[in-house]
Amino acid sequence: VQLVALAGGTGAAKLLRGLSRLVAPRDLTIVVNTGDDTELWGLHISPDLDTVCYTLAGVIDATRGWGLADETFQALGQMARFGEPSWFSLGDRDLATHLHRTRLLREGRTLSDATAAIGAALGVKSRILPMSDQPVRTRVLGPDGWLDFQEYFVREKAQVEVRDVAYDGSSAANAAPGVLEAIAGARAVIVCPSNPVTSIGPILAVPGIVDSLTRSAATIIAVSPIVSGNAVSGPAGRLMASRRLPVSAAGVGRLYAPWLDVLILDERDRQEIPEVLQLGVSPVTAQTIMATREDEIALARRVLEVLA
Ligand code: GDP
């Protein structure tokens with residue numbers, strides 16, 4: 001293994017698609033957040049694993065950034081008629097992934113096994129690992145009590161005030177097979193532009209992962225998901241503020257500083273360079289907004305240049 005990526009969903013998937021054009025897919029191991037996994041209609045849903053897998057397989061819906069292309073939602077409507085929850089949009093073809101994964105888990109296979117099986121069937125050549133085979137569930141404390149992550153993110157559209165965030169089950173979880181070994185043996189670890197609180201945070205909460213990052217000889221490089229003092233998408237900014245972190249690239253750097261070597265921040269945030277240097281982290285600027293495939297490849301190339 002040469003490159004290991006720590007990944008959430010959409011932002012990570014774009015950078016990984018760029019990287020996979022520049023490095024041999026087999027040289028890339030991707031450790032994915034499972035803190036926002038959930039159970040719906042009796043099925044095990046792993047949103048970030050599926051976003052990464054579908055993107056690398058070239059079957060993601062490009063406009064939504066999640067789910068499969070050419071999707072229909074017939075089952076969703078029918079489930080609503082049965083009074084089943086319908087705020088989480090599961091597409092008809094996407095359902096097959098969840099049925100397959102859930103059957104494998106019911107037969108006693110691990111989430112790692114199921115993830116490998118789904119990746120192989122869709123033709124993904126990079127290794128995709130869940131952060132853990134045990135359940136870790138991100139929960140958010142809103143004004144009316146604790147919410148599961150998907151209740152907060154999808155049902156409430158991330159509009160409730162967040163007072164606390166917890167990673168339930170993390171202390172009893174182990175890193176999935178291969179995760180710690182991959183980090184220990186990597187030439188570089190890339191922390192993707194993902195939500196620091198609810199995508200990278202749960203990965204870091206799995207015992208042993210921070211320790212392996214700290215000890216690894218790998219160059220550890222993060223791409224900031226915060227540009228010009230705001231998340232590029234999603235609630236990362238508000239969640240960082242709720243944790244009393246500055247909503248800036250340097251705030252991301254501060255969170256990762258104990259084990260981070262290099263922070264890639266957007267060119268328009270170059271005034272934060274002195275603050276990043278003070279953290280003992282090397283700042284590198286780049287055009288970090290990935291609006292097109294060319295942007296994804298250019299940012300991935302910048303990451304690889306830093307490692308060269
Ligand atoms: P969520 O949407 O907040 O749950 O988080 P995810 O970890 O799934 O991915 C979204 C994160 O990626 C957000 O924090 C965004 O700010 C970040 N992001 C999305 N697209 C881009 C991009 O093109 N460039 C950068 N630098 N960050 C991005």
# chains A, B, ... in the order shown; residues from 1 in each chain; ligands from 1

call {"tool": "residues_near_ligand", "arguments": {"ligand": "ligand 1", "cutoff": "7 Å", "atoms": "only C-alpha atoms and all ligand atoms", "output": "mmCIF file with C-alpha atoms, in the first residue's frame"}}
result
data_model
loop_
_atom_site.group_PDB
_atom_site.id
_atom_site.type_symbol
_atom_site.label_atom_id
_atom_site.label_comp_id
_atom_site.auth_asym_id
_atom_site.auth_seq_id
_atom_site.Cartn_x
_atom_site.Cartn_y
_atom_site.Cartn_z
ATOM 1 C CA GLY A 8 -16.386 10.878 4.316
ATOM 2 C CA GLY A 9 -18.835 11.199 1.434
ATOM 3 C CA THR A 10 -19.164 13.781 -1.325
ATOM 4 C CA GLY A 11 -16.035 15.964 -0.945
ATOM 5 C CA ALA A 12 -13.829 12.924 -0.427
ATOM 6 C CA ASP A 48 -20.363 7.218 2.897
ATOM 7 C CA PRO A 193 -11.972 17.319 2.310
ATOM 8 C CA SER A 194 -14.704 15.875 4.496
ATOM 9 C CA ASN A 195 -16.680 17.123 7.456
ATOM 10 C CA PRO A 196 -14.087 17.270 10.291
ATOM 11 C CA THR A 198 -19.061 14.073 11.483
ATOM 12 C CA SER A 199 -16.944 12.360 8.794
ATOM 13 C CA VAL A 223 -7.248 19.079 2.228
ATOM 14 C CA SER A 224 -9.391 21.686 3.971
ATOM 15 C CA PRO A 225 -13.162 21.315 3.467
ATOM 16 C CA ILE A 226 -13.501 24.911 4.688
ATOM 17 C CA VAL A 227 -12.914 27.635 2.100
ATOM 18 C CA ALA A 231 -17.959 24.715 4.304
ATOM 19 C CA VAL A 232 -18.046 24.156 0.553
ATOM 20 C CA SER A 233 -21.276 22.212 1.232
ATOM 21 C CA GLY A 234 -23.127 20.786 4.210
ATOM 22 C CA PRO A 235 -23.045 21.654 7.907
ATOM 23 C CA ALA A 236 -19.287 21.347 8.613
ATOM 24 C CA THR A 288 -9.467 23.404 -3.852
ATOM 25 C CA ILE A 289 -13.022 23.782 -5.181
ATOM 26 C CA MET A 290 -13.764 20.721 -7.314
ATOM 27 C CA ALA A 291 -16.562 21.800 -9.653
#

call {"tool": "residues_around", "arguments": {"residues": "Leu49 in chain A", "least_positions_apart": "2", "cutoff": "12 Å", "atoms": "only C-alpha atoms", "output": "ChimeraX atom specification"}}
result
/A:6-10,12-13,30-37,44-47,51-56,66-67,97-98,101,111-112,114-116,118-119,127-132,199

call {"tool": "residues_around", "arguments": {"residues": "Ala286 in chain A", "least_positions_apart": "5", "cutoff": "10 Å", "atoms": "only C-alpha atoms", "output": "PyMOL selection string"}}
result
chain A and resi 223+264-270+298-299+302-303

call {"tool": "write_last_selection", "arguments": {"atoms": "C-alpha atoms", "output": "PDB file, in the first residue's frame"}}
result
ATOM      1  CA  VAL A 223      -7.248  19.079   2.228  1.00  0.00           C
ATOM      2  CA  ILE A 264      -3.715  22.157   1.657  1.00  0.00           C
ATOM      3  CA  LEU A 265      -5.780  25.310   1.924  1.00  0.00           C
ATOM      4  CA  ASP A 266      -7.463  27.279  -0.793  1.00  0.00           C
ATOM      5  CA  GLU A 267      -5.517  30.043  -2.540  1.00  0.00           C
ATOM      6  CA  ARG A 268      -8.109  32.546  -1.362  1.00  0.00           C
ATOM      7  CA  ASP A 269      -7.263  31.651   2.266  1.00  0.00           C
ATOM      8  CA  ARG A 270      -3.554  32.428   1.971  1.00  0.00           C
ATOM      9  CA  ALA A 298      -5.701  19.129 -10.690  1.00  0.00           C
ATOM     10  CA  LEU A 299      -6.192  19.014  -6.906  1.00  0.00           C
ATOM     11  CA  ARG A 302      -1.234  18.991  -6.304  1.00  0.00           C
ATOM     12  CA  VAL A 303      -1.518  16.443  -3.465  1.00  0.00           C
TER      13      VAL A 303
END

call {"tool": "select_by_dssp", "arguments": {"residues": "range 158-276 of chain A", "states": "strand (DSSP E)", "output": "VMD selection string"}}
result
chain A and resid 164 to 168 188 to 191 219 to 223 226 to 227 230 to 231 262 to 266

call {"tool": "closest_residue", "arguments": {"among": "A:Leu95, A:Ala188, A:Ala257, A:Val252", "to": "Val210 in chain A", "atoms": "only C-alpha atoms"}}
result
A:Ala257

call {"tool": "atom_distance", "arguments": {"atom1": "CA of Gln74 in chain A", "atom2": "CA of Asp92 in chain A"}}
result
6.5 Å

call {"tool": "atom_distance", "arguments": {"atom1": "CA of Arg301 in chain A", "atom2": "CA of Ala69 in chain A"}}
result
27.1 Å
